[in-house]
Protein chains: 2
Amino acid sequence: MLDETHDPQLRSWVESANEPLADFPIQNLPFCRFRRPGEERTRAGVAIGDQVLDIGEDWGIASVAAVMAMPAAARTDLRRRLSRHLANYTPGADRFLYPVREIELLLPCEIGNYTDFYASLHHATNVGALFRTGNPLAPNYKWIPIAYHGRASSVVVSGTPVRRPWGQVAEDRAGPPVFTPSRKLDYEVELGAFLGPGNRLGEPIRADQAFDHIAGVVLLNDWSARDIQVWEYQPLGPFLSKSFATSISPWIVTTGALEPFRCVPEPRPTGDPQPLPYLCAGSRDAFDIVLELWLRSPHMQGPVMLSRGRFRSMYWTLTQMLAHHTSNGCPICPGDLIGSGTVSGPEKSNRGCLLELTARGAEPVALPSGEKREFLEDGDEVTLRGWCEAPGFRRIGLGECRGVIEPAIAYLS
Amino acid sequence: MLDETHDPQLRSWVESANEPLADFPIQNLPFCRFRRPGEERTRAGVAIGDQVLDIGEDWGIASVAAVMAMPAAARTDLRRRLSRHLANYTPGADRFLYPVREIELLLPCEIGNYTDFYASLHHATNVGALFRTGNPLAPNYKWIPIAYHGRASSVVVSGTPVRRPWGQVAEDRAGPPVFTPSRKLDYEVELGAFLGPGNRLGEPIRADQAFDHIAGVVLLNDWSARDIQVWEYQPLGPFLSKSFATSISPWIVTTGALEPFRCVPEPRPTGDPQPLPYLCAGSRDAFDIVLELWLRSPHMQGPVMLSRGRFRSMYWTLTQMLAHHTSNGCPICPGDLIGSGTVSGPEKSNRGCLLELTARGAEPVALPSGEKREFLEDGDEVTLRGWCEAPGFRRIGLGECRGVIEPAIAYLS
């Protein structure tokens, strides 16, 4: 629901938050987890401009996980109180502010379980066409928000270097394989969602209640080793081709902050089936979020944008994903993370991974440095950015999610 | 390594541990986690006969997770000290003993990440033949210990009722599907392994070091909804067909206790490829463990054994699974759990799930009550049992892993 926290005229006494293109104006207030130099303990914070407010000391909030565990109404109330606090200066209020550049940002929440969806019809169609002639989509795609259980232990925060993984590779899918550093390393532009408070085993979250269990979103890069993936994935799905690293941005942008950018999903293509009743939620359960992918090779001064997509173009919404996920009684815990799957759109400029953008390496991307890319090379820096704009509202940003490819280890040393 | 803790003559002052068929003689000493009536806090324990020794109070061990985090040498040392303590009575030593029947057994360790393998060639061949005419095995099977990321939040301890899940079902795999309680509910007889201390991101555990990161084993029932599975699993693998419940036994039987039952794996069939070098560990990295499946319908006085298999017959060993799992740098954390996949053998009596045993329902199992089973029905009680025997050593048991099927919820109520 829109309230005074979304007023575009609202300003903070933290001056950097009032700059027109700031990612974190007072209308945003994303949660983060951080450490001060020399300290062991982690702290829960809220970003405002180029500062982070420690909400552990002053607000008695033990952790970001505790925020995820709150009912939606309590999170809305917390947002209102934080907004008032940062709008109206009270003496001493700046005691709990730390400049972002002086702290260490951690994963924004400890992640219990991680699930990755496959919710873009454009992505699924493009990828399917590269590997399956004839019908690129499996018959279940338009009925099920397809997903697989991901690996929580390899989710890392933006800035963590990503080592090129070793793995079994047999490009013709018949074997025999070789064990080698991956030669087809890729990114995937996704949106992640932190969940809570969640449900108990055996008690599904109904679609009309699912929105209340989505606490907020992050940028997510589902790094993928395509050559490992194509050899390993039958019959049980992706495994080591994904679990070497998954990067997320350090800021959980709440559904409260995203309220002005809620919208109806794009209509399904003519002739597509309607979702089954257990997947029918309210009409405004999509979010209009722009997601960009930037690449910088070691030979480039600055990064170049390779794609821009809109989260609104997904075939399945976050609430449908969550309703499906729990429809069998599977429990969601506070701090669980779901990824949306690669966000691609109808145009080539919307394609959210190199596999699609280069047609599996057949059409390399030309970089301003004169280099070409079929897949990622060592030293490449990959950055996701995201933001929301709508008439009559303040622009908010999701920050960035960044990773640099490091060479594979010398395996037997 | 064999030591004095494996001496078959060794007796405990806890008399129930000395009975010939006791699962938990002093040669076993499995870890568990429990709660005393009326208490909130959980305690770490070691089973001895029909008692549990609280090792938090007397031994200063904060949790079973802390034991998993110990290097292998420290765990061996702890085993020796526990063995001496329970062999030689000291006044007051029984102060920290609680009868099993008076405590609440919990999951033996908090589970960070759960991975399920598919390591029985017999199972993979049988299942493949039911769904794929021609070549039942994918070309990767004899090269890769196939696995998928599982769901940690739905792992439950033995005794927890299992609700029949709802899900999308389209038996002909072409759609359209219906949303319905599963009609093809199955068990899978597996061995689980608790891992630790583990590795850091980007630093694989080599096959010759992997054994030291396997702390112990449990019985594991990977409940499966076959009708949901066959419709959802393309292209990303099983998801909701598995994540409604996975049951494990409450006792982590350590690799220390299993030492007398270590053995060389069964030889690979003639003509099969040798494992790639990164999957080559020592020669004695299999375990000879018997696994039994017992079923009791509400109309039966007692349970009937449906199958008996040997863990030794697996195509891939636990050390190979772990070396593969970390070969891409994926981090293993103390308390992570891996499942072996269904343990089946060459004979029909070795088949570890109803899908195999009934040939997908075509050959129902006859029960002593006159009933038949294609798949599980409401009220059925499924119990896994496991034990090890070898000449010159004391028999040890893995306890049991039990679950009763409850009817599906009325979804929209």
# chains A, B, ... in the order shown; residues from 1 in each chain; ligands from 1

$ interface_residues --of "chain A" --to "chain B" --cutoff "7 Å" --atoms "only C-alpha atoms" --output "MDAnalysis selection string"
chainID A and resid 112:113 138:140 147:154 163 165:167 174:175 201:202 231:232 234:240 243:244 325 327:331

$ select_by_dssp --residues "stretch 30-195 of chain B" --states "helix (DSSP H, G or I)" --output "MDAnalysis selection string"
chainID B and resid 64:68 72:87 93:96 100:102 121:131

$ residues_around --residues "stretch 253-263 of chain B" --least-positions-apart "4" --cutoff "6 Å" --atoms "only C-alpha atoms" --output "list in words"
Asn28, Pro30, Ala215, Gly216, Val217, Arg284, Ala286, Phe287 and Asp288 of chain B

$ residues_around --residues "stretch 97-100 of chain A" --least-positions-apart "3" --cutoff "7 Å" --atoms "only C-alpha atoms" --output "VMD selection string"
chain A and resid 50 to 54 94 103

$ select_by_dssp --residues "stretch 172-355 of chain B" --states "strand (DSSP E or B)" --output "ChimeraX atom specification"
/B:178-181,185-186,189-195,214-221,224-225,246-248,252-254,262-263,286-287,290-296,304-310,337-339

$ closest_residue --among "B:Glu15, B:Glu292, B:Glu347, B:Asp186" --to "B:Asp380" --atoms "only C-alpha atoms"
B:Asp186

$ atom_distance --atom1 "atom CA of B:Asp7" --atom2 "atom CA of B:Gly392"
8.8 Å

$ residues_around --residues "A:Asp212" --least-positions-apart "2" --cutoff "12 Å" --atoms "only C-alpha atoms" --output "PyMOL selection string"
chain A and resi 1+68-76+194-199+205-210+214-216+254-256+281-282+285+318-319+322-323

$ closest_residue --among "A:Val127, A:Trp251, A:Lys348, A:Phe211" --to "A:Val46" --atoms "only C-alpha atoms"
A:Trp251

$ decode --residues "stretch 368-381 of chain B" --atoms "all heavy atoms" --output "PDB file, in the first residue's frame"
ATOM      1  N   PRO B 368       0.997 -59.489   3.627  1.00  0.00           N
ATOM      2  CA  PRO B 368       0.445 -60.627   4.383  1.00  0.00           C
ATOM      3  C   PRO B 368      -1.032 -60.445   4.737  1.00  0.00           C
ATOM      4  O   PRO B 368      -1.750 -61.416   4.938  1.00  0.00           O
ATOM      5  CB  PRO B 368       1.294 -60.658   5.651  1.00  0.00           C
ATOM      6  CG  PRO B 368       2.531 -59.898   5.331  1.00  0.00           C
ATOM      7  CD  PRO B 368       2.170 -58.894   4.284  1.00  0.00           C
ATOM      8  N   SER B 369      -1.505 -59.197   4.767  1.00  0.00           N
ATOM      9  CA  SER B 369      -2.905 -58.932   5.114  1.00  0.00           C
ATOM     10  C   SER B 369      -3.850 -59.208   3.951  1.00  0.00           C
ATOM     11  O   SER B 369      -5.061 -59.051   4.088  1.00  0.00           O
ATOM     12  CB  SER B 369      -3.038 -57.452   5.506  1.00  0.00           C
ATOM     13  OG  SER B 369      -2.503 -56.640   4.467  1.00  0.00           O
ATOM     14  N   GLY B 370      -3.293 -59.595   2.803  1.00  0.00           N
ATOM     15  CA  GLY B 370      -4.125 -59.789   1.632  1.00  0.00           C
ATOM     16  C   GLY B 370      -4.234 -58.542   0.776  1.00  0.00           C
ATOM     17  O   GLY B 370      -4.750 -58.579  -0.333  1.00  0.00           O
ATOM     18  N   GLU B 371      -3.743 -57.423   1.290  1.00  0.00           N
ATOM     19  CA  GLU B 371      -3.754 -56.183   0.501  1.00  0.00           C
ATOM     20  C   GLU B 371      -2.653 -56.223  -0.558  1.00  0.00           C
ATOM     21  O   GLU B 371      -1.726 -57.027  -0.489  1.00  0.00           O
ATOM     22  CB  GLU B 371      -3.509 -54.979   1.425  1.00  0.00           C
ATOM     23  CG  GLU B 371      -4.524 -54.817   2.536  1.00  0.00           C
ATOM     24  CD  GLU B 371      -4.041 -53.800   3.555  1.00  0.00           C
ATOM     25  OE1 GLU B 371      -3.191 -54.145   4.403  1.00  0.00           O
ATOM     26  OE2 GLU B 371      -4.499 -52.650   3.479  1.00  0.00           O
ATOM     27  N   LYS B 372      -2.772 -55.304  -1.498  1.00  0.00           N
ATOM     28  CA  LYS B 372      -1.723 -55.116  -2.486  1.00  0.00           C
ATOM     29  C   LYS B 372      -1.275 -53.663  -2.479  1.00  0.00           C
ATOM     30  O   LYS B 372      -2.040 -52.777  -2.101  1.00  0.00           O
ATOM     31  CB  LYS B 372      -2.243 -55.494  -3.886  1.00  0.00           C
ATOM     32  CG  LYS B 372      -2.517 -56.982  -4.027  1.00  0.00           C
ATOM     33  CD  LYS B 372      -2.845 -57.365  -5.447  1.00  0.00           C
ATOM     34  CE  LYS B 372      -2.887 -58.898  -5.549  1.00  0.00           C
ATOM     35  NZ  LYS B 372      -3.138 -59.354  -6.923  1.00  0.00           N
ATOM     36  N   ARG B 373      -0.046 -53.450  -2.883  1.00  0.00           N
ATOM     37  CA  ARG B 373       0.468 -52.083  -2.970  1.00  0.00           C
ATOM     38  C   ARG B 373       1.140 -51.862  -4.313  1.00  0.00           C
ATOM     39  O   ARG B 373       2.064 -52.586  -4.672  1.00  0.00           O
ATOM     40  CB  ARG B 373       1.509 -51.817  -1.860  1.00  0.00           C
ATOM     41  CG  ARG B 373       0.946 -51.584  -0.496  1.00  0.00           C
ATOM     42  CD  ARG B 373       0.158 -50.268  -0.431  1.00  0.00           C
ATOM     43  NE  ARG B 373      -0.413 -50.090   0.895  1.00  0.00           N
ATOM     44  CZ  ARG B 373      -1.586 -50.599   1.283  1.00  0.00           C
ATOM     45  NH1 ARG B 373      -2.305 -51.339   0.463  1.00  0.00           N
ATOM     46  NH2 ARG B 373      -2.033 -50.365   2.499  1.00  0.00           N
ATOM     47  N   GLU B 374       0.650 -50.844  -5.029  1.00  0.00           N
ATOM     48  CA  GLU B 374       1.413 -50.328  -6.173  1.00  0.00           C
ATOM     49  C   GLU B 374       2.291 -49.179  -5.677  1.00  0.00           C
ATOM     50  O   GLU B 374       3.471 -49.119  -5.969  1.00  0.00           O
ATOM     51  CB  GLU B 374       0.460 -49.848  -7.263  1.00  0.00           C
ATOM     52  CG  GLU B 374      -0.408 -50.981  -7.794  1.00  0.00           C
ATOM     53  CD  GLU B 374      -1.557 -50.483  -8.642  1.00  0.00           C
ATOM     54  OE1 GLU B 374      -1.814 -49.257  -8.647  1.00  0.00           O
ATOM     55  OE2 GLU B 374      -2.201 -51.319  -9.297  1.00  0.00           O
ATOM     56  N   PHE B 375       1.638 -48.285  -4.924  1.00  0.00           N
ATOM     57  CA  PHE B 375       2.355 -47.206  -4.252  1.00  0.00           C
ATOM     58  C   PHE B 375       1.802 -47.103  -2.831  1.00  0.00           C
ATOM     59  O   PHE B 375       0.950 -47.905  -2.449  1.00  0.00           O
ATOM     60  CB  PHE B 375       2.221 -45.888  -5.047  1.00  0.00           C
ATOM     61  CG  PHE B 375       2.986 -45.937  -6.348  1.00  0.00           C
ATOM     62  CD1 PHE B 375       2.346 -46.266  -7.538  1.00  0.00           C
ATOM     63  CD2 PHE B 375       4.355 -45.698  -6.368  1.00  0.00           C
ATOM     64  CE1 PHE B 375       3.060 -46.340  -8.733  1.00  0.00           C
ATOM     65  CE2 PHE B 375       5.077 -45.782  -7.554  1.00  0.00           C
ATOM     66  CZ  PHE B 375       4.434 -46.103  -8.733  1.00  0.00           C
ATOM     67  N   LEU B 376       2.290 -46.133  -2.053  1.00  0.00           N
ATOM     68  CA  LEU B 376       1.906 -46.071  -0.644  1.00  0.00           C
ATOM     69  C   LEU B 376       0.487 -45.530  -0.478  1.00  0.00           C
ATOM     70  O   LEU B 376       0.044 -44.663  -1.237  1.00  0.00           O
ATOM     71  CB  LEU B 376       2.885 -45.188   0.135  1.00  0.00           C
ATOM     72  CG  LEU B 376       4.314 -45.728   0.179  1.00  0.00           C
ATOM     73  CD1 LEU B 376       5.275 -44.693   0.774  1.00  0.00           C
ATOM     74  CD2 LEU B 376       4.361 -47.036   0.989  1.00  0.00           C
ATOM     75  N   GLU B 377      -0.211 -46.051   0.525  1.00  0.00           N
ATOM     76  CA  GLU B 377      -1.547 -45.560   0.843  1.00  0.00           C
ATOM     77  C   GLU B 377      -1.537 -44.876   2.200  1.00  0.00           C
ATOM     78  O   GLU B 377      -0.623 -45.079   3.012  1.00  0.00           O
ATOM     79  CB  GLU B 377      -2.555 -46.725   0.793  1.00  0.00           C
ATOM     80  CG  GLU B 377      -2.607 -47.305  -0.623  1.00  0.00           C
ATOM     81  CD  GLU B 377      -3.724 -48.297  -0.867  1.00  0.00           C
ATOM     82  OE1 GLU B 377      -4.567 -48.507   0.030  1.00  0.00           O
ATOM     83  OE2 GLU B 377      -3.756 -48.873  -1.975  1.00  0.00           O
ATOM     84  N   ASP B 378      -2.556 -44.065   2.447  1.00  0.00           N
ATOM     85  CA  ASP B 378      -2.637 -43.354   3.721  1.00  0.00           C
ATOM     86  C   ASP B 378      -2.623 -44.351   4.873  1.00  0.00           C
ATOM     87  O   ASP B 378      -3.289 -45.387   4.813  1.00  0.00           O
ATOM     88  CB  ASP B 378      -3.910 -42.504   3.779  1.00  0.00           C
ATOM     89  CG  ASP B 378      -3.879 -41.360   2.760  1.00  0.00           C
ATOM     90  OD1 ASP B 378      -2.789 -41.081   2.217  1.00  0.00           O
ATOM     91  OD2 ASP B 378      -4.939 -40.769   2.516  1.00  0.00           O
ATOM     92  N   GLY B 379      -1.889 -44.042   5.898  1.00  0.00           N
ATOM     93  CA  GLY B 379      -1.795 -44.913   7.063  1.00  0.00           C
ATOM     94  C   GLY B 379      -0.643 -45.898   7.000  1.00  0.00           C
ATOM     95  O   GLY B 379      -0.298 -46.504   8.018  1.00  0.00           O
ATOM     96  N   ASP B 380      -0.049 -46.073   5.843  1.00  0.00           N
ATOM     97  CA  ASP B 380       1.098 -46.987   5.736  1.00  0.00           C
ATOM     98  C   ASP B 380       2.275 -46.461   6.568  1.00  0.00           C
ATOM     99  O   ASP B 380       2.606 -45.277   6.522  1.00  0.00           O
ATOM    100  CB  ASP B 380       1.549 -47.134   4.276  1.00  0.00           C
ATOM    101  CG  ASP B 380       0.618 -48.046   3.463  1.00  0.00           C
ATOM    102  OD1 ASP B 380      -0.288 -48.653   4.064  1.00  0.00           O
ATOM    103  OD2 ASP B 380       0.818 -48.142   2.237  1.00  0.00           O
ATOM    104  N   GLU B 381       2.896 -47.387   7.285  1.00  0.00           N
ATOM    105  CA  GLU B 381       4.082 -47.037   8.073  1.00  0.00           C
ATOM    106  C   GLU B 381       5.303 -47.658   7.392  1.00  0.00           C
ATOM    107  O   GLU B 381       5.346 -48.868   7.167  1.00  0.00           O
ATOM    108  CB  GLU B 381       3.957 -47.577   9.504  1.00  0.00           C
ATOM    109  CG  GLU B 381       5.155 -47.273  10.373  1.00  0.00           C
ATOM    110  CD  GLU B 381       5.051 -47.977  11.725  1.00  0.00           C
ATOM    111  OE1 GLU B 381       5.194 -49.218  11.776  1.00  0.00           O
ATOM    112  OE2 GLU B 381       4.840 -47.263  12.724  1.00  0.00           O
TER     113      GLU B 381
END
